[in-house]
Amino acid sequence: MLPDNIRDFIASNDKAVLSTFRRNGQAQLSIVVVGAHDDGAAFTTTEDRAKLLNLRRDPRCSLLVSQDSWWGFVVLEGTARILAPDTTDPEELRQAFRDVYRSISGEHPDWDEYDRAMVEDKRAVVIVVPDRIYGTAP
């Protein structure tokens with residue numbers, strides 16, 4: 001589980017930069033919108049994105065979550081847990097999508113519509129589970 005102060009920081013600051021590794025070892029950075037999720041921070045992405053392809057090959061990653069001013073930030077270094085249609089029970093995946101949405105935006109006005117969009121967009125949930133946490137956040 002995330003420490004309460006880190007969970008609270010992520011709940012108030014959802015803009016983040018994800019670092020993954022390309023096949024050649026170079027870093028690949030992606031801007032993502034995240035929410036606190038159980039033991040890490042989570043976001044959704046489509047199946048064809050470089051970040052997801054990189055994480056499937058090498059789940060090591062870092063996630064910098066920052067205040068808008070960049071003065072307060074927290075970094076989660078660890079591994080990605082991927083929940084996708086080909087690896088996850090459909091009901092577990094549906095609930096994970098909803099949990100990520102709620103942690104970022106609150107309640108959706110039409111959950112059935114949202115569920116259909118996640119399937120049609122071929123989305124997956126990525127949860128960054130930290131081994132190490134550091135930064136300037138309280």
# chains A, B, ... in the order shown; residues from 1 in each chain; ligands from 1

$ residues_around --residues "Leu63 (chain A)" --least-positions-apart "3" --cutoff "9 Å" --atoms "only C-alpha atoms" --output "PyMOL selection string"
chain A and resi 16-19+41+74-78+128+130

$ write_last_selection --atoms "C-alpha atoms" --output "mmCIF file, in the first residue's frame"
data_model
loop_
_atom_site.group_PDB
_atom_site.id
_atom_site.type_symbol
_atom_site.label_atom_id
_atom_site.label_comp_id
_atom_site.auth_asym_id
_atom_site.auth_seq_id
_atom_site.Cartn_x
_atom_site.Cartn_y
_atom_site.Cartn_z
ATOM 1 C CA ALA A 16 2.854 12.696 -14.329
ATOM 2 C CA VAL A 17 5.772 11.686 -16.506
ATOM 3 C CA LEU A 18 6.395 7.973 -17.018
ATOM 4 C CA SER A 19 9.835 6.669 -17.909
ATOM 5 C CA ALA A 41 -0.372 4.868 -9.079
ATOM 6 C CA VAL A 74 7.146 12.500 -5.874
ATOM 7 C CA VAL A 75 8.876 9.748 -7.859
ATOM 8 C CA LEU A 76 7.733 6.132 -7.750
ATOM 9 C CA GLU A 77 10.444 3.754 -8.962
ATOM 10 C CA GLY A 78 9.381 0.166 -9.444
ATOM 11 C CA VAL A 128 3.162 1.488 -11.175
ATOM 12 C CA PRO A 130 6.950 1.337 -6.274
#

$ select_by_dssp --residues "region 1-133 of chain A" --states "strand (DSSP E)" --output "number ranges by chain"
A: 15-21, 27-33, 35-37, 40-46, 60-66, 73-83, 123-133

$ closest_residue --among "A:Lys15, A:Asp131, A:Lys122, A:Leu2" --to "Ser69 (chain A)" --atoms "only C-alpha atoms"
A:Lys15

$ closest_residue --among "A:His108, A:Glu113, A:Glu91, A:Val125" --to "Val32 (chain A)" --atoms "only C-alpha atoms"
A:Val125

$ atom_distance --atom1 "CA of Arg23 (chain A)" --atom2 "CA of Asp48 (chain A)"
15.4 Å

$ atom_distance --atom1 "CA of Arg116 (chain A)" --atom2 "CA of Phe97 (chain A)"
11.1 Å

$ closest_residue --among "A:Leu93, A:Ile6, A:Ile104, A:Ala11" --to "Met118 (chain A)" --atoms "only C-alpha atoms"
A:Leu93

$ residues_around --residues "Val119 (chain A)" --least-positions-apart "3" --cutoff "12 Å" --atoms "only C-alpha atoms" --output "PyMOL selection string"
chain A and resi 44-47+84-86+90+93-94+97+112-116+122-125

$ write_last_selection --atoms "N, CA, C and O atoms" --output "CSV table (one decimal), in the first residue's frame"
chain,number,residue,atom,x,y,z
A,44,THR,N,-4.6,4.7,-17.6
A,44,THR,CA,-5.0,3.8,-18.7
A,44,THR,C,-4.3,4.3,-20.0
A,44,THR,O,-3.9,5.4,-20.1
A,45,THR,N,-4.1,3.3,-20.9
A,45,THR,CA,-3.5,3.6,-22.1
A,45,THR,C,-4.0,2.6,-23.2
A,45,THR,O,-4.5,1.6,-22.8
A,46,THR,N,-3.8,3.0,-24.4
A,46,THR,CA,-4.3,2.1,-25.5
A,46,THR,C,-3.2,1.0,-25.8
A,46,THR,O,-2.0,1.3,-25.5
A,47,GLU,N,-3.6,-0.1,-26.3
A,47,GLU,CA,-2.7,-1.3,-26.5
A,47,GLU,C,-1.5,-1.0,-27.5
A,47,GLU,O,-0.5,-1.6,-27.4
A,84,ALA,N,-4.9,-6.1,-18.8
A,84,ALA,CA,-5.3,-5.9,-20.2
A,84,ALA,C,-6.3,-7.0,-20.5
A,84,ALA,O,-6.4,-8.1,-19.8
A,85,PRO,N,-7.1,-6.9,-21.6
A,85,PRO,CA,-8.1,-7.9,-22.0
A,85,PRO,C,-7.5,-9.3,-22.2
A,85,PRO,O,-8.2,-10.2,-21.9
A,86,ASP,N,-6.3,-9.4,-22.6
A,86,ASP,CA,-5.7,-10.7,-22.9
A,86,ASP,C,-5.1,-11.4,-21.6
A,86,ASP,O,-4.7,-12.5,-21.7
A,90,PRO,N,-12.4,-10.2,-17.3
A,90,PRO,CA,-13.2,-9.0,-17.7
A,90,PRO,C,-13.8,-8.2,-16.6
A,90,PRO,O,-13.8,-7.0,-16.7
A,93,LEU,N,-11.0,-6.3,-14.8
A,93,LEU,CA,-10.5,-5.2,-15.7
A,93,LEU,C,-11.5,-4.0,-15.7
A,93,LEU,O,-11.1,-2.9,-15.6
A,94,ARG,N,-12.8,-4.4,-15.8
A,94,ARG,CA,-13.9,-3.3,-15.8
A,94,ARG,C,-13.8,-2.5,-14.5
A,94,ARG,O,-13.8,-1.3,-14.5
A,97,PHE,N,-10.7,-0.2,-14.5
A,97,PHE,CA,-10.9,1.0,-15.3
A,97,PHE,C,-11.7,2.0,-14.5
A,97,PHE,O,-11.3,3.2,-14.4
A,112,ASP,N,-21.9,2.6,-18.2
A,112,ASP,CA,-22.0,1.7,-19.3
A,112,ASP,C,-21.3,2.2,-20.5
A,112,ASP,O,-20.6,1.5,-21.2
A,113,GLU,N,-21.5,3.5,-20.8
A,113,GLU,CA,-20.9,4.2,-21.9
A,113,GLU,C,-19.3,4.1,-21.7
A,113,GLU,O,-18.6,3.8,-22.7
A,114,TYR,N,-18.9,4.4,-20.5
A,114,TYR,CA,-17.5,4.4,-20.2
A,114,TYR,C,-16.9,3.0,-20.4
A,114,TYR,O,-15.8,2.8,-21.1
A,115,ASP,N,-17.6,2.0,-19.9
A,115,ASP,CA,-17.1,0.6,-20.1
A,115,ASP,C,-17.0,0.2,-21.6
A,115,ASP,O,-16.0,-0.4,-22.0
A,116,ARG,N,-18.0,0.6,-22.4
A,116,ARG,CA,-17.9,0.3,-23.8
A,116,ARG,C,-16.7,1.0,-24.5
A,116,ARG,O,-16.0,0.5,-25.3
A,122,LYS,N,-9.6,-0.3,-26.9
A,122,LYS,CA,-8.5,-1.4,-26.6
A,122,LYS,C,-7.5,-0.8,-25.6
A,122,LYS,O,-6.3,-0.8,-25.8
A,123,ARG,N,-8.1,-0.4,-24.4
A,123,ARG,CA,-7.3,0.1,-23.4
A,123,ARG,C,-6.8,-0.9,-22.4
A,123,ARG,O,-7.4,-2.0,-22.3
A,124,ALA,N,-5.8,-0.6,-21.7
A,124,ALA,CA,-5.3,-1.4,-20.6
A,124,ALA,C,-5.0,-0.5,-19.4
A,124,ALA,O,-4.9,0.8,-19.5
A,125,VAL,N,-5.0,-1.0,-18.2
A,125,VAL,CA,-4.6,-0.3,-17.0
A,125,VAL,C,-3.2,-0.6,-16.6
A,125,VAL,O,-2.8,-1.8,-16.7

$ select_by_dssp --residues "region 24-115 of chain A" --states "helix (DSSP H, G or I)" --output "PyMOL selection string"
chain A and resi 50-57+90-105+111-115

$ write_last_selection --atoms "C-alpha atoms" --output "compact mmCIF listing (two decimals), in the first residue's frame"
# COMPACT_ATOMS: atom_id res chain seq x y z
CA ALA A 50 5.05 2.70 -27.02
CA LYS A 51 4.87 2.95 -23.22
CA LEU A 52 2.74 -0.20 -22.99
CA LEU A 53 4.87 -2.10 -25.51
CA ASN A 54 7.99 -1.13 -23.55
CA LEU A 55 6.42 -2.16 -20.22
CA ARG A 56 5.32 -5.52 -21.60
CA ARG A 57 8.93 -6.21 -22.56
CA PRO A 90 -13.17 -9.02 -17.75
CA GLU A 91 -14.94 -8.06 -14.51
CA GLU A 92 -11.64 -7.33 -12.73
CA LEU A 93 -10.53 -5.20 -15.68
CA ARG A 94 -13.86 -3.32 -15.82
CA GLN A 95 -13.58 -2.54 -12.11
CA ALA A 96 -9.93 -1.44 -12.49
CA PHE A 97 -10.87 0.98 -15.30
CA ARG A 98 -13.60 2.43 -13.10
CA ASP A 99 -11.28 2.68 -10.08
CA VAL A 100 -8.68 4.58 -12.11
CA TYR A 101 -11.32 6.95 -13.48
CA ARG A 102 -12.76 7.58 -10.00
CA SER A 103 -9.34 8.28 -8.52
CA ILE A 104 -8.71 10.97 -11.14
CA SER A 105 -12.13 12.42 -11.96
CA TRP A 111 -20.63 3.93 -16.54
CA ASP A 112 -22.04 1.69 -19.29
CA GLU A 113 -20.87 4.16 -21.93
CA TYR A 114 -17.46 4.38 -20.23
CA ASP A 115 -17.13 0.57 -20.11

$ closest_residue --among "A:Gly72, A:Gly106, A:Pro59, A:Gly135" --to "Phe21 (chain A)" --atoms "only C-alpha atoms"
A:Pro59

$ closest_residue --among "A:Thr87, A:Glu107, A:Gln28, A:Val33" --to "Cys61 (chain A)" --atoms "only C-alpha atoms"
A:Gln28

$ closest_residue --among "A:Val65, A:Arg60, A:Asp110, A:Arg81" --to "Arg22 (chain A)" --atoms "only C-alpha atoms"
A:Arg60

$ residues_around --residues "Val129 (chain A)" --least-positions-apart "2" --cutoff "6 Å" --atoms "only C-alpha atoms" --output "mmCIF file with N, CA and C atoms, in the first residue's frame"
data_model
loop_
_atom_site.group_PDB
_atom_site.id
_atom_site.type_symbol
_atom_site.label_atom_id
_atom_site.label_comp_id
_atom_site.auth_asym_id
_atom_site.auth_seq_id
_atom_site.Cartn_x
_atom_site.Cartn_y
_atom_site.Cartn_z
ATOM 1 N N ASP A 39 -1.772 -0.311 -4.310
ATOM 2 C CA ASP A 39 -0.360 -0.301 -3.940
ATOM 3 C C ASP A 39 0.512 0.537 -4.868
ATOM 4 N N GLY A 40 -0.098 1.423 -5.661
ATOM 5 C CA GLY A 40 0.686 2.233 -6.582
ATOM 6 C C GLY A 40 -0.107 3.385 -7.156
ATOM 7 N N GLY A 78 9.800 1.538 -9.690
ATOM 8 C CA GLY A 78 9.381 0.166 -9.444
ATOM 9 C C GLY A 78 9.064 -0.572 -10.714
ATOM 10 N N THR A 79 7.977 -1.317 -10.660
ATOM 11 C CA THR A 79 7.572 -2.123 -11.807
ATOM 12 C C THR A 79 6.105 -1.856 -12.131
#

$ atom_distance --atom1 "CA of Asp89 (chain A)" --atom2 "CA of Val126 (chain A)"
15.0 Å

$ residues_around --residues "Asp4 (chain A)" --least-positions-apart "3" --cutoff "12 Å" --atoms "only C-alpha atoms" --output "PyMOL selection string"
chain A and resi 1+7-11+36-40+137-138

$ write_last_selection --atoms "C-alpha atoms" --output "compact mmCIF listing (two decimals), in the first residue's frame"
# COMPACT_ATOMS: atom_id res chain seq x y z
CA MET A 1 0.00 0.00 0.00
CA ARG A 7 -1.64 8.72 -1.75
CA ASP A 8 -2.90 12.19 -0.73
CA PHE A 9 -0.29 13.91 -2.91
CA ILE A 10 -1.28 11.84 -5.97
CA ALA A 11 -4.97 12.47 -5.26
CA ALA A 36 -3.67 6.48 -6.63
CA HIS A 37 -4.58 2.80 -6.88
CA ASP A 38 -4.10 0.28 -4.05
CA ASP A 39 -0.36 -0.30 -3.94
CA GLY A 40 0.69 2.23 -6.58
CA ALA A 137 6.16 16.13 -1.48
CA PRO A 138 5.13 16.28 2.18

$ decode --residues "region 108-123 of chain A" --atoms "all heavy atoms" --output "PDB file, in the first residue's frame"
ATOM      1  N   HIS A 108     -18.355   8.859 -13.015  1.00  0.00           N
ATOM      2  CA  HIS A 108     -18.672   9.067 -14.432  1.00  0.00           C
ATOM      3  C   HIS A 108     -20.191   9.179 -14.564  1.00  0.00           C
ATOM      4  O   HIS A 108     -20.929   8.468 -13.881  1.00  0.00           O
ATOM      5  CB  HIS A 108     -18.142   7.895 -15.259  1.00  0.00           C
ATOM      6  CG  HIS A 108     -18.154   8.145 -16.712  1.00  0.00           C
ATOM      7  ND1 HIS A 108     -19.284   8.017 -17.490  1.00  0.00           N
ATOM      8  CD2 HIS A 108     -17.172   8.531 -17.554  1.00  0.00           C
ATOM      9  CE1 HIS A 108     -18.992   8.306 -18.746  1.00  0.00           C
ATOM     10  NE2 HIS A 108     -17.713   8.623 -18.810  1.00  0.00           N
ATOM     11  N   PRO A 109     -20.686  10.036 -15.465  1.00  0.00           N
ATOM     12  CA  PRO A 109     -22.139  10.185 -15.611  1.00  0.00           C
ATOM     13  C   PRO A 109     -22.826   8.965 -16.249  1.00  0.00           C
ATOM     14  O   PRO A 109     -24.024   8.782 -16.077  1.00  0.00           O
ATOM     15  CB  PRO A 109     -22.294  11.426 -16.500  1.00  0.00           C
ATOM     16  CG  PRO A 109     -20.981  11.573 -17.190  1.00  0.00           C
ATOM     17  CD  PRO A 109     -19.940  10.993 -16.276  1.00  0.00           C
ATOM     18  N   ASP A 110     -22.077   8.130 -16.979  1.00  0.00           N
ATOM     19  CA  ASP A 110     -22.669   6.959 -17.625  1.00  0.00           C
ATOM     20  C   ASP A 110     -21.635   5.834 -17.668  1.00  0.00           C
ATOM     21  O   ASP A 110     -20.854   5.729 -18.618  1.00  0.00           O
ATOM     22  CB  ASP A 110     -23.127   7.323 -19.036  1.00  0.00           C
ATOM     23  CG  ASP A 110     -23.879   6.200 -19.732  1.00  0.00           C
ATOM     24  OD1 ASP A 110     -23.748   5.027 -19.315  1.00  0.00           O
ATOM     25  OD2 ASP A 110     -24.589   6.489 -20.704  1.00  0.00           O
ATOM     26  N   TRP A 111     -21.635   4.989 -16.635  1.00  0.00           N
ATOM     27  CA  TRP A 111     -20.626   3.932 -16.542  1.00  0.00           C
ATOM     28  C   TRP A 111     -20.721   2.925 -17.681  1.00  0.00           C
ATOM     29  O   TRP A 111     -19.703   2.414 -18.138  1.00  0.00           O
ATOM     30  CB  TRP A 111     -20.714   3.226 -15.191  1.00  0.00           C
ATOM     31  CG  TRP A 111     -20.132   4.033 -14.088  1.00  0.00           C
ATOM     32  CD1 TRP A 111     -20.781   4.550 -13.013  1.00  0.00           C
ATOM     33  CD2 TRP A 111     -18.761   4.432 -13.936  1.00  0.00           C
ATOM     34  NE1 TRP A 111     -19.901   5.257 -12.212  1.00  0.00           N
ATOM     35  CE2 TRP A 111     -18.660   5.191 -12.760  1.00  0.00           C
ATOM     36  CE3 TRP A 111     -17.609   4.227 -14.693  1.00  0.00           C
ATOM     37  CZ2 TRP A 111     -17.458   5.736 -12.303  1.00  0.00           C
ATOM     38  CZ3 TRP A 111     -16.409   4.769 -14.246  1.00  0.00           C
ATOM     39  CH2 TRP A 111     -16.340   5.506 -13.079  1.00  0.00           C
ATOM     40  N   ASP A 112     -21.915   2.634 -18.172  1.00  0.00           N
ATOM     41  CA  ASP A 112     -22.042   1.689 -19.289  1.00  0.00           C
ATOM     42  C   ASP A 112     -21.340   2.231 -20.533  1.00  0.00           C
ATOM     43  O   ASP A 112     -20.638   1.500 -21.236  1.00  0.00           O
ATOM     44  CB  ASP A 112     -23.512   1.392 -19.596  1.00  0.00           C
ATOM     45  CG  ASP A 112     -24.181   0.582 -18.498  1.00  0.00           C
ATOM     46  OD1 ASP A 112     -23.461  -0.135 -17.759  1.00  0.00           O
ATOM     47  OD2 ASP A 112     -25.416   0.671 -18.366  1.00  0.00           O
ATOM     48  N   GLU A 113     -21.542   3.514 -20.799  1.00  0.00           N
ATOM     49  CA  GLU A 113     -20.867   4.161 -21.931  1.00  0.00           C
ATOM     50  C   GLU A 113     -19.348   4.112 -21.742  1.00  0.00           C
ATOM     51  O   GLU A 113     -18.600   3.815 -22.676  1.00  0.00           O
ATOM     52  CB  GLU A 113     -21.338   5.609 -22.063  1.00  0.00           C
ATOM     53  CG  GLU A 113     -20.606   6.382 -23.153  1.00  0.00           C
ATOM     54  CD  GLU A 113     -20.944   7.871 -23.120  1.00  0.00           C
ATOM     55  OE1 GLU A 113     -21.816   8.290 -22.336  1.00  0.00           O
ATOM     56  OE2 GLU A 113     -20.310   8.613 -23.893  1.00  0.00           O
ATOM     57  N   TYR A 114     -18.896   4.408 -20.538  1.00  0.00           N
ATOM     58  CA  TYR A 114     -17.464   4.380 -20.231  1.00  0.00           C
ATOM     59  C   TYR A 114     -16.891   2.973 -20.448  1.00  0.00           C
ATOM     60  O   TYR A 114     -15.836   2.814 -21.077  1.00  0.00           O
ATOM     61  CB  TYR A 114     -17.237   4.833 -18.784  1.00  0.00           C
ATOM     62  CG  TYR A 114     -15.805   4.777 -18.352  1.00  0.00           C
ATOM     63  CD1 TYR A 114     -14.911   5.765 -18.727  1.00  0.00           C
ATOM     64  CD2 TYR A 114     -15.329   3.730 -17.575  1.00  0.00           C
ATOM     65  CE1 TYR A 114     -13.582   5.722 -18.333  1.00  0.00           C
ATOM     66  CE2 TYR A 114     -14.012   3.671 -17.173  1.00  0.00           C
ATOM     67  CZ  TYR A 114     -13.136   4.667 -17.558  1.00  0.00           C
ATOM     68  OH  TYR A 114     -11.830   4.614 -17.182  1.00  0.00           O
ATOM     69  N   ASP A 115     -17.584   1.956 -19.943  1.00  0.00           N
ATOM     70  CA  ASP A 115     -17.128   0.571 -20.107  1.00  0.00           C
ATOM     71  C   ASP A 115     -16.977   0.218 -21.585  1.00  0.00           C
ATOM     72  O   ASP A 115     -15.981  -0.390 -21.998  1.00  0.00           O
ATOM     73  CB  ASP A 115     -18.104  -0.403 -19.451  1.00  0.00           C
ATOM     74  CG  ASP A 115     -18.184  -0.257 -17.943  1.00  0.00           C
ATOM     75  OD1 ASP A 115     -17.252   0.323 -17.338  1.00  0.00           O
ATOM     76  OD2 ASP A 115     -19.194  -0.721 -17.366  1.00  0.00           O
ATOM     77  N   ARG A 116     -17.967   0.598 -22.395  1.00  0.00           N
ATOM     78  CA  ARG A 116     -17.903   0.328 -23.833  1.00  0.00           C
ATOM     79  C   ARG A 116     -16.719   1.041 -24.478  1.00  0.00           C
ATOM     80  O   ARG A 116     -16.013   0.472 -25.311  1.00  0.00           O
ATOM     81  CB  ARG A 116     -19.200   0.754 -24.526  1.00  0.00           C
ATOM     82  CG  ARG A 116     -20.341  -0.228 -24.341  1.00  0.00           C
ATOM     83  CD  ARG A 116     -21.537   0.094 -25.235  1.00  0.00           C
ATOM     84  NE  ARG A 116     -22.071   1.436 -25.031  1.00  0.00           N
ATOM     85  CZ  ARG A 116     -22.932   1.769 -24.076  1.00  0.00           C
ATOM     86  NH1 ARG A 116     -23.379   0.869 -23.234  1.00  0.00           N
ATOM     87  NH2 ARG A 116     -23.381   3.009 -23.967  1.00  0.00           N
ATOM     88  N   ALA A 117     -16.476   2.288 -24.094  1.00  0.00           N
ATOM     89  CA  ALA A 117     -15.363   3.059 -24.660  1.00  0.00           C
ATOM     90  C   ALA A 117     -14.026   2.402 -24.342  1.00  0.00           C
ATOM     91  O   ALA A 117     -13.126   2.367 -25.188  1.00  0.00           O
ATOM     92  CB  ALA A 117     -15.392   4.493 -24.150  1.00  0.00           C
ATOM     93  N   MET A 118     -13.855   1.884 -23.142  1.00  0.00           N
ATOM     94  CA  MET A 118     -12.590   1.229 -22.768  1.00  0.00           C
ATOM     95  C   MET A 118     -12.332   0.004 -23.642  1.00  0.00           C
ATOM     96  O   MET A 118     -11.208  -0.226 -24.086  1.00  0.00           O
ATOM     97  CB  MET A 118     -12.592   0.820 -21.294  1.00  0.00           C
ATOM     98  CG  MET A 118     -12.652   1.968 -20.300  1.00  0.00           C
ATOM     99  SD  MET A 118     -11.269   3.132 -20.431  1.00  0.00           S
ATOM    100  CE  MET A 118     -12.011   4.446 -21.399  1.00  0.00           C
ATOM    101  N   VAL A 119     -13.387  -0.756 -23.929  1.00  0.00           N
ATOM    102  CA  VAL A 119     -13.263  -1.941 -24.780  1.00  0.00           C
ATOM    103  C   VAL A 119     -12.989  -1.523 -26.224  1.00  0.00           C
ATOM    104  O   VAL A 119     -12.075  -2.045 -26.871  1.00  0.00           O
ATOM    105  CB  VAL A 119     -14.531  -2.819 -24.689  1.00  0.00           C
ATOM    106  CG1 VAL A 119     -14.507  -3.927 -25.730  1.00  0.00           C
ATOM    107  CG2 VAL A 119     -14.679  -3.399 -23.276  1.00  0.00           C
ATOM    108  N   GLU A 120     -13.769  -0.576 -26.738  1.00  0.00           N
ATOM    109  CA  GLU A 120     -13.608  -0.122 -28.115  1.00  0.00           C
ATOM    110  C   GLU A 120     -12.238   0.502 -28.365  1.00  0.00           C
ATOM    111  O   GLU A 120     -11.656   0.319 -29.435  1.00  0.00           O
ATOM    112  CB  GLU A 120     -14.713   0.876 -28.481  1.00  0.00           C
ATOM    113  CG  GLU A 120     -16.078   0.233 -28.608  1.00  0.00           C
ATOM    114  CD  GLU A 120     -17.203   1.244 -28.727  1.00  0.00           C
ATOM    115  OE1 GLU A 120     -16.940   2.462 -28.853  1.00  0.00           O
ATOM    116  OE2 GLU A 120     -18.375   0.807 -28.674  1.00  0.00           O
ATOM    117  N   ASP A 121     -11.716   1.232 -27.380  1.00  0.00           N
ATOM    118  CA  ASP A 121     -10.403   1.873 -27.512  1.00  0.00           C
ATOM    119  C   ASP A 121      -9.247   0.904 -27.303  1.00  0.00           C
ATOM    120  O   ASP A 121      -8.088   1.279 -27.473  1.00  0.00           O
ATOM    121  CB  ASP A 121     -10.250   3.016 -26.500  1.00  0.00           C
ATOM    122  CG  ASP A 121     -11.118   4.210 -26.813  1.00  0.00           C
ATOM    123  OD1 ASP A 121     -11.735   4.247 -27.895  1.00  0.00           O
ATOM    124  OD2 ASP A 121     -11.182   5.112 -25.958  1.00  0.00           O
ATOM    125  N   LYS A 122      -9.570  -0.342 -26.906  1.00  0.00           N
ATOM    126  CA  LYS A 122      -8.543  -1.355 -26.630  1.00  0.00           C
ATOM    127  C   LYS A 122      -7.549  -0.835 -25.589  1.00  0.00           C
ATOM    128  O   LYS A 122      -6.345  -0.825 -25.797  1.00  0.00           O
ATOM    129  CB  LYS A 122      -7.839  -1.796 -27.910  1.00  0.00           C
ATOM    130  CG  LYS A 122      -8.776  -2.433 -28.902  1.00  0.00           C
ATOM    131  CD  LYS A 122      -8.068  -2.858 -30.145  1.00  0.00           C
ATOM    132  CE  LYS A 122      -9.087  -3.456 -31.103  1.00  0.00           C
ATOM    133  NZ  LYS A 122      -8.543  -3.687 -32.416  1.00  0.00           N
ATOM    134  N   ARG A 123      -8.093  -0.450 -24.448  1.00  0.00           N
ATOM    135  CA  ARG A 123      -7.282   0.129 -23.379  1.00  0.00           C
ATOM    136  C   ARG A 123      -6.841  -0.927 -22.377  1.00  0.00           C
ATOM    137  O   ARG A 123      -7.444  -1.985 -22.255  1.00  0.00           O
ATOM    138  CB  ARG A 123      -8.048   1.237 -22.676  1.00  0.00           C
ATOM    139  CG  ARG A 123      -8.269   2.450 -23.582  1.00  0.00           C
ATOM    140  CD  ARG A 123      -8.917   3.602 -22.886  1.00  0.00           C
ATOM    141  NE  ARG A 123      -8.036   4.610 -22.346  1.00  0.00           N
ATOM    142  CZ  ARG A 123      -7.220   5.397 -23.033  1.00  0.00           C
ATOM    143  NH1 ARG A 123      -7.108   5.255 -24.331  1.00  0.00           N
ATOM    144  NH2 ARG A 123      -6.501   6.316 -22.441  1.00  0.00           N
TER     145      ARG A 123
END
